[in-house]
$ cat coords.txt   # compact mmCIF, C-alpha atoms
# COMPACT_ATOMS: atom_id res chain seq x y z
CA MET A 241 -1.74 -36.70 66.81
CA GLY A 242 -3.40 -40.01 66.24
CA VAL A 243 -2.43 -42.49 63.61
CA PRO A 244 -4.69 -42.14 60.61
CA GLY A 245 -6.76 -45.17 59.83
CA PRO A 246 -7.99 -46.42 56.48
CA VAL A 247 -11.17 -45.23 54.78
CA PRO A 248 -13.35 -47.54 52.72
CA GLY A 249 -12.22 -47.75 49.13
CA SER A 250 -13.92 -48.90 45.98
CA PRO A 251 -14.97 -52.52 45.72
CA GLY A 252 -12.05 -54.68 44.82
CA MET A 253 -9.55 -51.82 45.35
CA PRO A 254 -7.22 -51.39 48.33
CA ASP A 255 -8.21 -48.68 50.81
CA ALA A 256 -6.41 -45.29 50.47
CA PRO A 257 -4.67 -43.87 53.54
CA VAL A 258 -6.51 -41.27 55.58
CA LEU A 259 -5.06 -37.75 55.74
CA ASP A 260 -3.59 -36.74 59.09
CA ARG A 261 -4.26 -33.42 60.81
CA GLU A 262 -1.30 -31.60 59.28
CA GLU A 263 -2.12 -32.82 55.79
CA VAL A 264 -5.71 -31.69 56.26
CA ASP A 265 -4.63 -28.23 57.43
CA ARG A 266 -2.21 -27.85 54.52
CA ALA A 267 -4.89 -29.01 52.05
CA LEU A 268 -7.42 -26.56 53.48
CA ALA A 269 -4.93 -23.70 53.26
CA ARG A 270 -4.05 -24.56 49.65
CA LEU A 271 -7.69 -24.99 48.66
CA GLY A 272 -8.59 -21.71 50.38
CA ALA A 273 -5.99 -19.84 48.35
CA GLU A 274 -7.15 -21.65 45.23
CA TYR A 275 -10.73 -20.67 46.01
CA GLU A 276 -9.77 -17.00 46.26
CA ALA A 277 -7.98 -17.15 42.88
CA ILE A 278 -10.89 -18.92 41.18
CA GLU A 279 -13.45 -16.51 42.61
CA THR A 280 -11.35 -13.50 41.51
CA SER A 281 -11.07 -14.93 38.00
CA LEU A 282 -14.79 -15.67 37.74
CA LEU A 283 -15.75 -12.20 38.94
CA ALA A 284 -13.30 -10.66 36.45
CA LEU A 285 -14.84 -12.79 33.71
CA GLN A 286 -18.31 -11.67 34.81
CA ASP A 287 -17.29 -7.99 34.68
CA HIS A 288 -15.19 -8.20 31.49
CA ALA A 289 -16.13 -5.42 29.05
CA GLY A 290 -16.11 -7.88 26.17
CA ARG A 291 -18.64 -10.09 27.96
CA ARG A 292 -21.00 -7.17 28.53
CA LEU A 293 -20.71 -6.20 24.88
CA LEU A 294 -21.45 -9.74 23.75
CA GLU A 295 -24.51 -9.96 26.00
CA GLY A 296 -26.01 -6.79 24.53
CA ALA A 297 -25.03 -7.25 20.88
CA ASP A 298 -27.19 -8.44 18.00
CA LEU A 299 -24.84 -11.24 16.93
CA SER A 300 -24.73 -13.43 13.86
CA GLY A 301 -22.67 -16.17 12.24
CA THR A 302 -19.74 -17.71 14.04
CA THR A 303 -19.91 -15.31 16.99
CA LYS A 304 -23.57 -16.03 17.65
CA GLU A 305 -22.97 -19.78 17.76
CA ARG A 306 -19.83 -19.58 19.89
CA TRP A 307 -21.28 -17.04 22.30
CA ALA A 308 -24.39 -19.16 22.87
CA ALA A 309 -22.14 -22.10 23.74
CA THR A 310 -19.96 -19.84 25.92
CA GLU A 311 -22.95 -18.58 27.89
CA ARG A 312 -23.91 -22.18 28.63
CA SER A 313 -20.33 -22.91 29.64
CA ILE A 314 -20.30 -19.93 32.03
CA THR A 315 -23.52 -21.18 33.62
CA VAL A 316 -21.97 -24.60 34.16
CA LEU A 317 -18.79 -22.93 35.42
CA TRP A 318 -20.66 -21.11 38.19
CA SER A 319 -22.50 -24.33 39.11
CA LEU A 320 -19.17 -26.11 39.45
CA PHE A 321 -17.80 -23.25 41.53
CA ASP A 322 -20.85 -23.38 43.82
CA ALA A 323 -20.22 -27.10 44.34
CA TYR A 324 -16.54 -26.39 45.00
CA THR A 325 -17.51 -23.68 47.52
CA ALA A 326 -20.01 -25.91 49.29
CA THR A 327 -17.49 -28.75 49.59
CA LEU A 328 -14.76 -26.43 50.94
CA GLU A 329 -17.16 -24.92 53.51
CA ALA A 330 -18.26 -28.41 54.58
CA ALA A 331 -14.62 -29.41 55.07
CA ARG A 332 -13.91 -26.29 57.10
CA GLU A 333 -16.94 -27.02 59.33
CA VAL A 334 -15.72 -30.55 59.99
CA ARG A 335 -12.21 -29.28 60.77
CA ALA A 336 -13.59 -26.64 63.15
CA ARG A 337 -15.36 -29.19 65.37
CA ARG A 338 -12.34 -29.81 67.54
CA ARG A 339 -8.71 -28.87 67.77
CA TRP A 340 -7.55 -32.46 67.43
CA PRO A 341 -9.82 -34.13 64.87
CA SER A 342 -11.03 -37.63 65.61
CA PRO A 343 -10.39 -40.53 63.21
CA GLU A 344 -13.96 -40.15 62.02
CA ASP A 345 -13.37 -36.46 61.30
CA LEU A 346 -10.17 -37.26 59.40
CA ALA A 347 -11.95 -39.91 57.36
CA GLU A 348 -14.72 -37.46 56.47
CA LEU A 349 -12.17 -34.74 55.61
CA THR A 350 -10.21 -37.17 53.45
CA GLU A 351 -13.34 -37.97 51.46
CA LEU A 352 -14.15 -34.29 51.01
CA LEU A 353 -10.67 -33.03 50.21
CA ARG A 354 -9.11 -35.87 48.27
CA ASP A 355 -11.66 -38.43 47.20
CA ASP A 356 -14.75 -38.00 45.04
CA GLY A 357 -16.56 -36.05 47.67
CA VAL A 358 -18.03 -33.31 45.43
CA THR A 359 -21.54 -33.64 44.05
CA VAL A 360 -22.74 -31.15 41.42
CA PRO A 361 -26.53 -30.75 41.13
CA GLY A 362 -28.12 -31.93 37.91
CA ALA A 363 -29.16 -28.34 37.09
CA ALA A 364 -25.57 -27.74 35.95
CA ASP A 365 -26.37 -29.62 32.74
CA GLY A 366 -27.31 -26.48 30.81
CA GLY A 367 -27.40 -27.73 27.24
CA THR A 368 -23.81 -26.83 26.41
CA ASP A 369 -21.94 -27.35 23.20
CA GLY A 370 -20.10 -30.53 22.47
CA ALA A 371 -16.84 -29.43 24.07
CA THR A 372 -18.57 -28.35 27.27
CA ASP A 373 -20.74 -31.44 27.46
CA GLN A 374 -17.63 -33.52 27.60
CA GLU A 375 -16.45 -31.56 30.62
CA SER A 376 -19.73 -31.10 32.44
CA GLY A 377 -21.63 -34.22 31.49
CA PRO A 378 -20.81 -36.17 34.67
CA ALA A 379 -21.75 -33.14 36.73
CA GLY A 380 -25.06 -32.90 34.90
CA ARG A 381 -25.86 -36.48 35.93
CA GLY A 382 -25.07 -35.61 39.57
CA GLU A 383 -21.99 -37.82 39.74
CA ARG A 384 -19.35 -37.31 42.39
CA TYR A 385 -15.71 -36.47 41.76
CA SER A 386 -12.74 -34.93 43.52
CA LEU A 387 -11.93 -31.25 44.01
CA GLU A 388 -8.88 -31.65 41.74
CA GLU A 389 -11.10 -32.97 38.92
CA LEU A 390 -13.53 -30.14 39.57
CA VAL A 391 -10.76 -27.54 39.28
CA ASP A 392 -9.56 -29.10 36.01
CA ARG A 393 -13.06 -28.85 34.58
CA MET A 394 -13.43 -25.24 35.73
CA ASN A 395 -10.06 -24.34 34.22
CA GLY A 396 -11.05 -25.79 30.87
CA LEU A 397 -14.41 -24.03 30.80
CA TYR A 398 -12.87 -20.75 31.95
CA ALA A 399 -10.10 -20.81 29.32
CA ARG A 400 -12.52 -21.49 26.46
CA SER A 401 -14.99 -18.86 27.66
CA LEU A 402 -12.28 -16.24 28.16
CA ASP A 403 -10.82 -17.02 24.72
CA VAL A 404 -14.13 -16.17 23.03
CA ILE A 405 -14.61 -13.00 25.09
CA VAL A 406 -11.05 -11.72 24.64
CA ALA A 407 -11.03 -12.41 20.89
CA ALA A 408 -14.35 -10.62 20.31
CA ASP A 409 -13.26 -7.69 22.49
CA ALA A 410 -9.94 -7.41 20.64
CA VAL A 411 -11.69 -7.23 17.26
CA TRP A 412 -14.22 -4.69 18.53
CA SER A 413 -11.44 -2.60 20.07
CA THR A 414 -9.42 -2.55 16.86
CA LEU A 415 -11.44 -2.63 13.68
CA PRO A 416 -14.54 -0.40 14.16
CA ALA A 417 -12.45 2.59 15.28
CA ARG A 418 -10.06 2.18 12.37
CA ILE A 419 -12.96 1.79 9.95
CA ASP A 420 -14.55 4.98 11.31
CA LEU A 421 -11.31 6.92 10.86
CA LEU A 422 -10.94 5.62 7.32
CA SER A 423 -14.58 6.48 6.60
CA ALA A 424 -13.99 10.05 7.79
CA GLU A 425 -10.95 10.31 5.54
CA LEU A 426 -13.01 8.88 2.69
CA GLN A 427 -15.65 11.60 3.16
CA ARG A 428 -12.98 14.31 3.03
CA THR A 429 -11.51 12.76 -0.11
CA ARG A 430 -14.97 12.44 -1.68
CA SER A 431 -15.73 16.13 -1.04
CA LEU A 432 -12.41 17.17 -2.54
CA ALA A 433 -12.88 14.81 -5.49
CA HIS A 434 -16.32 16.23 -6.27
CA SER A 435 -14.87 19.76 -6.27
CA VAL A 436 -12.54 18.82 -9.13
CA GLY A 437 -15.08 16.82 -11.11
CA VAL A 438 -14.13 13.33 -9.91
CA ARG A 439 -17.66 11.95 -9.57
CA PRO A 440 -19.31 8.56 -10.02
CA GLY A 441 -20.16 7.91 -13.63
CA GLU A 442 -17.78 10.63 -14.83
CA HIS A 443 -14.41 9.40 -13.60
CA PRO A 444 -13.17 5.91 -12.64
CA ALA A 445 -11.87 7.22 -9.31
CA GLY A 446 -15.39 8.46 -8.50
CA ASP A 447 -16.75 4.95 -9.05
CA ASP A 448 -13.95 3.56 -6.88
CA LEU A 449 -14.91 5.95 -4.08
CA GLU A 450 -18.47 4.61 -4.15
CA ARG A 451 -17.24 1.03 -4.01
CA ILE A 452 -14.96 1.78 -1.05
CA THR A 453 -17.82 3.54 0.75
CA ASP A 454 -20.07 0.50 0.34
CA GLU A 455 -17.28 -1.87 1.36
CA LEU A 456 -16.54 0.02 4.57
CA ALA A 457 -20.23 0.12 5.50
CA ARG A 458 -20.57 -3.63 4.95
CA LEU A 459 -17.30 -4.34 6.75
CA ARG A 460 -18.28 -2.35 9.83
CA ALA A 461 -21.70 -4.02 10.08
CA GLN A 462 -20.11 -7.47 9.76
CA VAL A 463 -17.43 -6.70 12.34
CA ILE A 464 -20.03 -5.51 14.86
CA ALA A 465 -22.33 -8.50 14.31
CA ASP A 466 -19.71 -11.25 13.90
CA PRO A 467 -16.34 -10.19 15.37
CA LEU A 468 -15.01 -13.73 15.64
CA ALA A 469 -15.21 -14.06 11.85
CA PHE A 470 -12.39 -11.48 11.82
CA TRP A 471 -10.14 -13.25 14.30
CA VAL A 472 -7.01 -15.13 13.24
CA SER A 473 -5.78 -17.62 15.82
CA SER A 474 -2.12 -17.64 16.72
CA SER A 475 0.02 -19.57 14.23
CA THR A 476 2.29 -20.68 17.08
CA GLY A 477 -0.50 -22.82 18.53
CA SER A 478 -0.54 -20.87 21.80
CA SER A 479 -3.24 -22.09 24.20
CA ALA A 480 -3.41 -18.75 26.04
CA PRO A 481 -6.85 -17.09 25.89
CA GLY A 482 -6.99 -14.56 23.07
CA GLY A 483 -3.95 -16.01 21.32
CA GLY A 484 -4.20 -14.45 17.88
CA ARG A 485 -4.90 -11.13 16.16
CA PRO A 486 -7.71 -9.29 14.35
CA ASP A 487 -7.86 -9.96 10.61
CA THR A 488 -7.41 -6.53 8.96
CA GLY A 489 -7.07 -7.77 5.37
CA ARG A 490 -10.25 -6.19 3.99
CA TYR A 491 -9.62 -2.96 5.86
CA ASP A 492 -6.05 -2.77 4.57
CA ARG A 493 -7.17 -3.28 0.97
CA ALA A 494 -9.75 -0.48 1.30
CA ALA A 495 -7.12 1.81 2.87
CA ARG A 496 -4.69 1.18 0.00
CA ALA A 497 -7.40 1.80 -2.60
CA LEU A 498 -8.35 5.07 -0.90
CA GLU A 499 -4.70 6.15 -0.84
CA ASP A 500 -4.47 5.56 -4.59
CA ILE A 501 -7.56 7.71 -5.16
CA ARG A 502 -6.22 10.40 -2.86
CA ARG A 503 -3.03 10.62 -4.91
CA GLU A 504 -5.04 10.83 -8.12
CA VAL A 505 -7.23 13.60 -6.72
CA ALA A 506 -4.11 15.45 -5.55
CA ALA A 507 -2.73 15.22 -9.07
CA VAL A 508 -5.97 16.67 -10.45
CA LEU A 509 -5.74 19.50 -7.88
CA ASP A 510 -2.24 20.24 -9.07
CA VAL A 511 -3.63 20.46 -12.58
CA ARG A 512 -6.23 22.99 -11.44
CA GLN A 513 -3.54 25.16 -9.85
CA ASP A 514 -1.08 24.95 -12.73
CA ALA A 515 -3.49 24.68 -15.65
CA GLU A 516 -3.12 28.24 -16.97
CA HIS A 517 0.68 28.16 -16.75
CA ARG A 518 0.84 24.79 -18.49
CA LEU A 519 -1.55 25.93 -21.21
CA MET A 520 0.62 29.02 -21.82
CA GLN A 521 3.71 26.84 -22.08
CA LEU A 522 1.92 24.53 -24.53
CA ARG A 523 0.90 27.49 -26.70
CA ASP A 524 4.50 28.72 -26.68
CA VAL A 525 5.92 25.31 -27.65
CA LEU A 526 3.42 24.84 -30.47
CA SER A 527 4.03 28.42 -31.66
CA ARG A 528 7.78 27.76 -31.83
CA ALA A 529 7.10 24.54 -33.71
CA ASP A 530 4.90 26.43 -36.19
CA ARG A 531 7.52 29.13 -36.69
CA THR A 532 10.23 26.52 -37.18
CA LEU A 533 8.15 24.68 -39.79
CA THR A 534 7.44 27.99 -41.56
CA GLU A 535 11.15 28.73 -41.59
CA ALA A 536 11.82 25.23 -42.92
CA ARG A 537 9.31 25.68 -45.73
CA GLN A 538 10.89 29.02 -46.69
CA ALA A 539 14.36 27.51 -46.51
CA ARG A 540 13.26 24.64 -48.72
CA GLY A 541 12.15 27.07 -51.42
CA GLU A 542 15.48 28.86 -51.15
CA VAL A 543 17.43 25.62 -51.37
CA LEU A 544 15.48 24.46 -54.41
CA ALA A 545 16.22 27.79 -56.08
CA LYS A 546 19.92 28.02 -55.16
CA ILE A 547 21.14 24.41 -55.04
CA ALA A 548 21.05 22.10 -58.04
CA ALA A 549 21.04 18.32 -58.10
CA SER A 550 20.16 18.05 -54.41
CA GLU A 551 17.38 16.02 -52.76
CA VAL A 552 15.51 18.35 -50.39
CA PRO A 553 13.02 16.63 -48.02
CA ALA A 554 9.42 17.84 -47.93
CA VAL A 555 8.21 19.88 -44.93
CA SER A 556 4.95 18.90 -43.24
CA GLY A 557 2.20 21.32 -42.42
CA PRO A 558 1.34 22.71 -38.95
CA PRO A 559 0.13 20.22 -36.28
CA THR A 560 -3.58 20.85 -36.70
CA ALA A 561 -4.63 18.01 -34.41
CA LEU A 562 -2.51 19.36 -31.58
CA HIS A 563 -4.00 22.82 -31.95
CA GLU A 564 -7.49 21.33 -31.81
CA GLN A 565 -6.64 19.40 -28.65
CA LEU A 566 -5.12 22.54 -27.14
CA ALA A 567 -8.41 24.34 -27.80
CA ALA A 568 -10.24 21.42 -26.13
CA ALA A 569 -7.93 21.70 -23.11
CA ALA A 570 -8.70 25.41 -22.80
CA GLU A 571 -12.41 24.57 -22.90
CA TYR A 572 -11.97 21.96 -20.17
CA ARG A 573 -10.28 24.56 -18.01
CA ARG A 574 -13.05 27.07 -18.64
CA ARG A 575 -15.68 24.49 -17.60
CA SER A 576 -13.57 23.26 -14.61
CA LEU A 577 -13.39 19.72 -16.00
CA TRP A 578 -10.09 19.13 -14.24
CA HIS A 579 -10.29 15.33 -14.31
CA ARG A 580 -10.44 15.47 -18.12
CA LEU A 581 -7.89 18.25 -18.42
CA SER A 582 -5.25 16.39 -16.40
CA PRO A 583 -4.59 13.45 -18.79
CA LEU A 584 -5.03 15.69 -21.84
CA LEU A 585 -2.36 18.12 -20.64
CA ASP A 586 0.04 15.27 -19.91
CA SER A 587 -0.42 13.93 -23.44
CA LEU A 588 -0.23 17.36 -25.08
CA GLU A 589 2.98 18.32 -23.30
CA GLU A 590 4.75 15.22 -24.50
CA ARG A 591 3.44 15.48 -28.07
CA ALA A 592 4.15 19.22 -28.32
CA GLU A 593 7.79 18.68 -27.37
CA ASP A 594 7.99 15.91 -29.96
CA GLU A 595 6.48 18.24 -32.56
CA LEU A 596 9.02 20.99 -31.80
CA HIS A 597 11.86 18.47 -32.03
CA ARG A 598 10.51 17.19 -35.36
CA ALA A 599 10.23 20.74 -36.73
CA ARG A 600 13.82 21.49 -35.78
CA GLU A 601 15.02 18.29 -37.40
CA SER A 602 13.08 19.20 -40.55
CA LEU A 603 14.71 22.64 -40.66
CA THR A 604 18.14 21.09 -40.19
CA ALA A 605 17.55 18.56 -42.97
CA VAL A 606 16.21 21.20 -45.38
CA THR A 607 19.05 23.68 -44.82
CA ALA A 608 21.80 21.05 -44.96
CA PRO A 609 22.75 21.89 -48.61
CA LEU A 610 23.07 25.58 -47.71
CA ALA A 611 25.30 24.63 -44.80
CA VAL A 612 27.49 22.56 -47.11
CA ARG A 613 27.76 25.48 -49.57
CA ALA A 614 28.67 27.86 -46.76
CA GLU A 615 31.36 25.48 -45.52
CA LEU A 616 32.86 25.22 -49.04
CA ARG A 617 32.86 29.00 -49.41
CA GLY A 618 34.64 29.37 -46.11
CA ARG A 619 37.21 26.78 -47.01
CA LEU A 620 37.89 28.42 -50.39
CA ASP A 621 38.42 31.88 -48.86
CA ALA A 622 40.61 30.46 -46.09
CA TYR A 623 43.03 28.90 -48.60
CA ARG A 624 43.10 32.11 -50.70
CA ALA A 625 43.99 34.13 -47.58
CA LYS A 626 46.76 31.68 -46.74
CA LEU A 627 48.21 31.92 -50.24
CA ALA A 628 48.07 35.72 -50.05
CA ARG A 629 50.19 35.68 -46.86
CA HIS A 630 52.84 33.72 -48.75
CA GLY A 631 52.65 36.02 -51.83
CA LEU A 632 51.21 33.31 -54.08
CA ALA A 633 47.69 34.62 -54.63
CA ALA A 634 48.59 35.95 -58.11
CA ASP A 635 49.79 32.61 -59.43
CA PRO A 636 47.90 32.12 -62.76
CA LEU A 637 46.98 28.48 -62.06
CA LEU A 638 45.72 29.29 -58.58
CA VAL A 639 43.79 32.32 -59.83
CA GLU A 640 42.16 30.20 -62.52
CA ARG A 641 41.12 27.42 -60.17
CA TYR A 642 39.94 29.93 -57.58
CA ASP A 643 37.73 31.70 -60.12
CA ILE A 644 36.23 28.42 -61.29
CA ALA A 645 35.37 27.35 -57.75
CA ARG A 646 34.08 30.78 -56.80
CA ARG A 647 31.78 31.00 -59.83
CA MET A 648 30.30 27.62 -58.96
CA LEU A 649 29.75 28.51 -55.30
CA TRP A 650 28.31 31.99 -55.94
CA SER A 651 26.06 31.06 -58.82
CA ALA A 652 22.49 29.83 -58.66
CA PRO A 653 21.57 27.09 -58.80
CA CYS A 654 24.81 25.74 -57.37
CA ASP A 655 25.96 22.25 -58.26
CA LEU A 656 27.41 21.21 -54.89
CA ARG A 657 29.19 18.12 -56.19
CA ALA A 658 30.98 20.08 -58.95
CA ALA A 659 31.71 22.97 -56.58
CA GLU A 660 33.16 20.63 -53.96
CA HIS A 661 35.41 19.08 -56.63
CA ALA A 662 36.52 22.56 -57.77
CA VAL A 663 37.39 23.57 -54.20
CA TRP A 664 39.33 20.33 -53.78
CA ARG A 665 41.35 21.07 -56.99
CA TYR A 666 42.12 24.55 -55.66
CA GLN A 667 43.28 23.06 -52.35
CA GLN A 668 45.55 20.62 -54.19
CA ALA A 669 47.12 23.38 -56.29
CA ALA A 670 47.57 25.55 -53.20
CA ALA A 671 49.26 22.71 -51.31
CA GLU A 672 51.67 22.11 -54.20
CA ALA A 673 52.50 25.81 -54.43
CA LEU A 674 53.19 26.06 -50.71
CA VAL A 675 55.64 23.11 -50.61
CA PRO A 676 58.63 25.00 -52.20
CA GLN A 677 58.01 27.90 -49.84
CA GLN A 678 58.21 25.59 -46.84
CA VAL A 679 61.36 23.83 -48.12
CA GLU A 680 63.05 27.22 -48.77
CA GLY A 681 62.19 28.41 -45.30
CA LYS A 682 63.80 25.36 -43.74
CA GLY A 683 66.98 25.79 -45.83
CA GLU A 684 67.46 29.39 -44.74
CA SER A 685 67.11 28.41 -41.12
$ encode --input "coords.txt" --output "C-alpha cells"
Amino acid sequence: MGVPGPVPGSPGMPDAPVLDREEVDRALARLGAEYEAIETSLLALQDHAGRRLLEGADLSGTTKERWAATERSITVLWSLFDAYTATLEAAREVRARRRWPSPEDLAELTELLRDDGVTVPGAADGGTDGATDQESGPAGRGERYSLEELVDRMNGLYARSLDVIVAADAVWSTLPARIDLLSAELQRTRSLAHSVGVRPGEHPAGDDLERITDELARLRAQVIADPLAFWVSSSTGSSAPGGGRPDTGRYDRAARALEDIRREVAAVLDVRQDAEHRLMQLRDVLSRADRTLTEARQARGEVLAKIAASEVPAVSGPPTALHEQLAAAAEYRRRSLWHRLSPLLDSLEERAEDELHRARESLTAVTAPLAVRAELRGRLDAYRAKLARHGLAADPLLVERYDIARRMLWSAPCDLRAAEHAVWRYQQAAAEALVPQQVEGKGES
C-alpha cells in the first residue's frame, strides 16, 4: 500500500487527505449497499398503489396542489438517483483499473466518493414547489456536491413524496368503503321508513334521511377528489411518512344521525305490530273511567239525598276529547299512518291512565260521607254487642242513647255531625257502665 498523498483543495483552504485503498474499498462497499436500499425504495415508491391511484384520479383542492408538487419532486428524485448511480459506477471503474490503485487513482476516487464529485444535469430542475426547490436548486444549476449531500437530498424528497402518497392512500382505503357501507344501510333504513309512512315532507325523520343521503354523496365525492383534506397529521409531531389518521368526523356525525333515525323507525314498527292491542287497552281504560264517573255521579245523587249538611264535590262529565283522539288513532291505524299513530298512542296512554285515576279519586271523594256513616253504624253496633255480652244492653240510659244514635244514622237525610256526637255519647255511657263490671271482676279474682 502506498502512502496517500494530498488532493487539491479549495482556494485558501488546506488540502484534505486522500483516501487509501482500504478506505476506498470500504466506501465502495457501503455506497453499494446504500445504492441497493435507495433503488429498492424508489421502485417501491414507483409501484405504490397510492401513487397509481393519484396518477389516475381527477384531483382537486389540497391534494391536487400537493400531488403536482410531489410529481415534480419524484422527477427530481430520479434525476438525483441517476447522478448517484453514474458517480458510483465511475468510481467502480476507476477502482477496477488495477489491484493496487495508483496515487492518481486514489485522488480521483477521493474526489468521487468524498468530495463534491457529483454533478446533476440541469434537467433535474423540474419546476418543483418551494420545499423541493430548496433541496434541488443547486442540482438544477448543475452544481457539484458530495454523495453524502446527494443522499440527504434524496432522503428529504423521498420522505415528503411518500408522506403524500401514504396519507392519500390511507384516506382512500378507509373512508370510501365505510361511506358505501353506511349508504347501503341508509337505503335499507329508507325503504323500511317509507313502508311505515316516514317520508320526506311528512315526517321529520324522512327529511333527515334525505339530508344524510345528500351529505354522504357529497362526502364521498370530496374524499375521492381531495383525500388529503381529510387527513389529520399526528399530534405527536412524528416525522415518519403517513404519520396521522383519516378525519372521520363528518362520517361519524352522519352515522350517529342515521342510528337515531333507525331507532325512531324501529319504534314506529313496534307501533304497527302492537297498535291493535294498545288501542284495545286504551278503549278498556277509558271505558273503566267512564263507568267510574257514572258510578260517582250516581253516588253523588245518593249522598245528596241521604246525607245532610255535607259538601259533596261535583263530578265531571266523560272525557270527550280523549274519545275523539282515540277515534283519530283508530283512523290512523286503518290508513297505516304509523308515524302519526305512534306519538298519539303514547300521549293517549298516559292521559287515559290519568283520567281513570281522576275518576277513581272523584268516586272516593263523593262517597266519603257514606263511608263515614257506615263506619259510625259499625261502631254503634259493636258497642251494643259488647254491652250485651256483659248483660248491660237493657240499661235504660244506654237504650235511650242507642235509639237516638240509631235514628240519626238510619234516617235520611242523615246529619253526620249530630250522628257522630250521638254515637260518641253512647260510647261514653257504655264505657261508664262497663267500669263497675271490670272492677267487680278483678275483686272476685
$ atom_distance --input "coords.txt" --atom1 "atom CA of A:Thr303" --atom2 "atom CA of A:Ala465"
7.7 Å
$ closest_residue --input "coords.txt" --among "A:Val264, A:Ala297, A:Ala633, A:Met520" --to "A:Trp340" --atoms "all atoms listed in the file"
A:Val264
$ residues_around --input "coords.txt" --residues "A:Leu526" --least-positions-apart "3" --cutoff "7 Å" --atoms "only C-alpha atoms" --output "list in words"
Leu522, Arg523, Ala529, Asp530, Ala592 and Leu596 of chain A
$ residues_around --input "coords.txt" --residues "A:Arg619" --least-positions-apart "2" --cutoff "12 Å" --atoms "all atoms listed in the file" --output "ChimeraX atom specification"
/A:612-617,621-626,642,645-646,649,659-660,662-664,666-667
$ residues_around --input "coords.txt" --residues "A:Arg384" --least-positions-apart "5" --cutoff "6 Å" --atoms "all atoms listed in the file" --output "PyMOL selection string"
chain A and resi 356+358-359
$ write_last_selection --input "coords.txt" --atoms "C-alpha atoms" --output "PDB file, in the frame of the given file"
ATOM      1  CA  ASP A 356     -14.750 -38.000  45.040  1.00  0.00           C
ATOM      2  CA  VAL A 358     -18.030 -33.310  45.430  1.00  0.00           C
ATOM      3  CA  THR A 359     -21.540 -33.640  44.050  1.00  0.00           C
TER       4      THR A 359
END
$ residues_around --input "coords.txt" --residues "A:Ala536" --least-positions-apart "5" --cutoff "10 Å" --atoms "all atoms listed in the file" --output "ChimeraX atom specification"
/A:530-531,541-542,554-556,599-607
$ closest_residue --input "coords.txt" --among "A:Leu317, A:Ala331, A:Ile501, A:Leu627" --to "A:Gly272" --atoms "only C-alpha atoms"
A:Ala331
$ residues_around --input "coords.txt" --residues "A:Arg439" --least-positions-apart "3" --cutoff "12 Å" --atoms "only C-alpha atoms" --output "ChimeraX atom specification"
/A:429-436,442-450,501,505,577-580
$ write_last_selection --input "coords.txt" --atoms "C-alpha atoms" --output "mmCIF file, keeping the file's coordinate frame"
data_model
loop_
_atom_site.group_PDB
_atom_site.id
_atom_site.type_symbol
_atom_site.label_atom_id
_atom_site.label_comp_id
_atom_site.auth_asym_id
_atom_site.auth_seq_id
_atom_site.Cartn_x
_atom_site.Cartn_y
_atom_site.Cartn_z
ATOM 1 C CA THR A 429 -11.510 12.760 -0.110
ATOM 2 C CA ARG A 430 -14.970 12.440 -1.680
ATOM 3 C CA SER A 431 -15.730 16.130 -1.040
ATOM 4 C CA LEU A 432 -12.410 17.170 -2.540
ATOM 5 C CA ALA A 433 -12.880 14.810 -5.490
ATOM 6 C CA HIS A 434 -16.320 16.230 -6.270
ATOM 7 C CA SER A 435 -14.870 19.760 -6.270
ATOM 8 C CA VAL A 436 -12.540 18.820 -9.130
ATOM 9 C CA GLU A 442 -17.780 10.630 -14.830
ATOM 10 C CA HIS A 443 -14.410 9.400 -13.600
ATOM 11 C CA PRO A 444 -13.170 5.910 -12.640
ATOM 12 C CA ALA A 445 -11.870 7.220 -9.310
ATOM 13 C CA GLY A 446 -15.390 8.460 -8.500
ATOM 14 C CA ASP A 447 -16.750 4.950 -9.050
ATOM 15 C CA ASP A 448 -13.950 3.560 -6.880
ATOM 16 C CA LEU A 449 -14.910 5.950 -4.080
ATOM 17 C CA GLU A 450 -18.470 4.610 -4.150
ATOM 18 C CA ILE A 501 -7.560 7.710 -5.160
ATOM 19 C CA VAL A 505 -7.230 13.600 -6.720
ATOM 20 C CA LEU A 577 -13.390 19.720 -16.000
ATOM 21 C CA TRP A 578 -10.090 19.130 -14.240
ATOM 22 C CA HIS A 579 -10.290 15.330 -14.310
ATOM 23 C CA ARG A 580 -10.440 15.470 -18.120
#
$ closest_residue --input "coords.txt" --among "A:Glu571, A:Glu504, A:Glu589, A:Glu535" --to "A:Arg518" --atoms "only C-alpha atoms"
A:Glu589
$ atom_distance --input "coords.txt" --atom1 "atom CA of A:Ala309" --atom2 "atom CA of A:Trp471"
17.6 Å
$ closest_residue --input "coords.txt" --among "A:Met394, A:Ile644, A:Val472, A:Ala495" --to "A:Ser423" --atoms "only C-alpha atoms"
A:Ala495
$ atom_distance --input "coords.txt" --atom1 "atom CA of A:Ala424" --atom2 "atom CA of A:Ala410"
22.1 Å
$ closest_residue --input "coords.txt" --among "A:Ala417, A:Gln462, A:Asp454, A:Ala507" --to "A:Asp586" --atoms "all atoms listed in the file"
A:Ala507
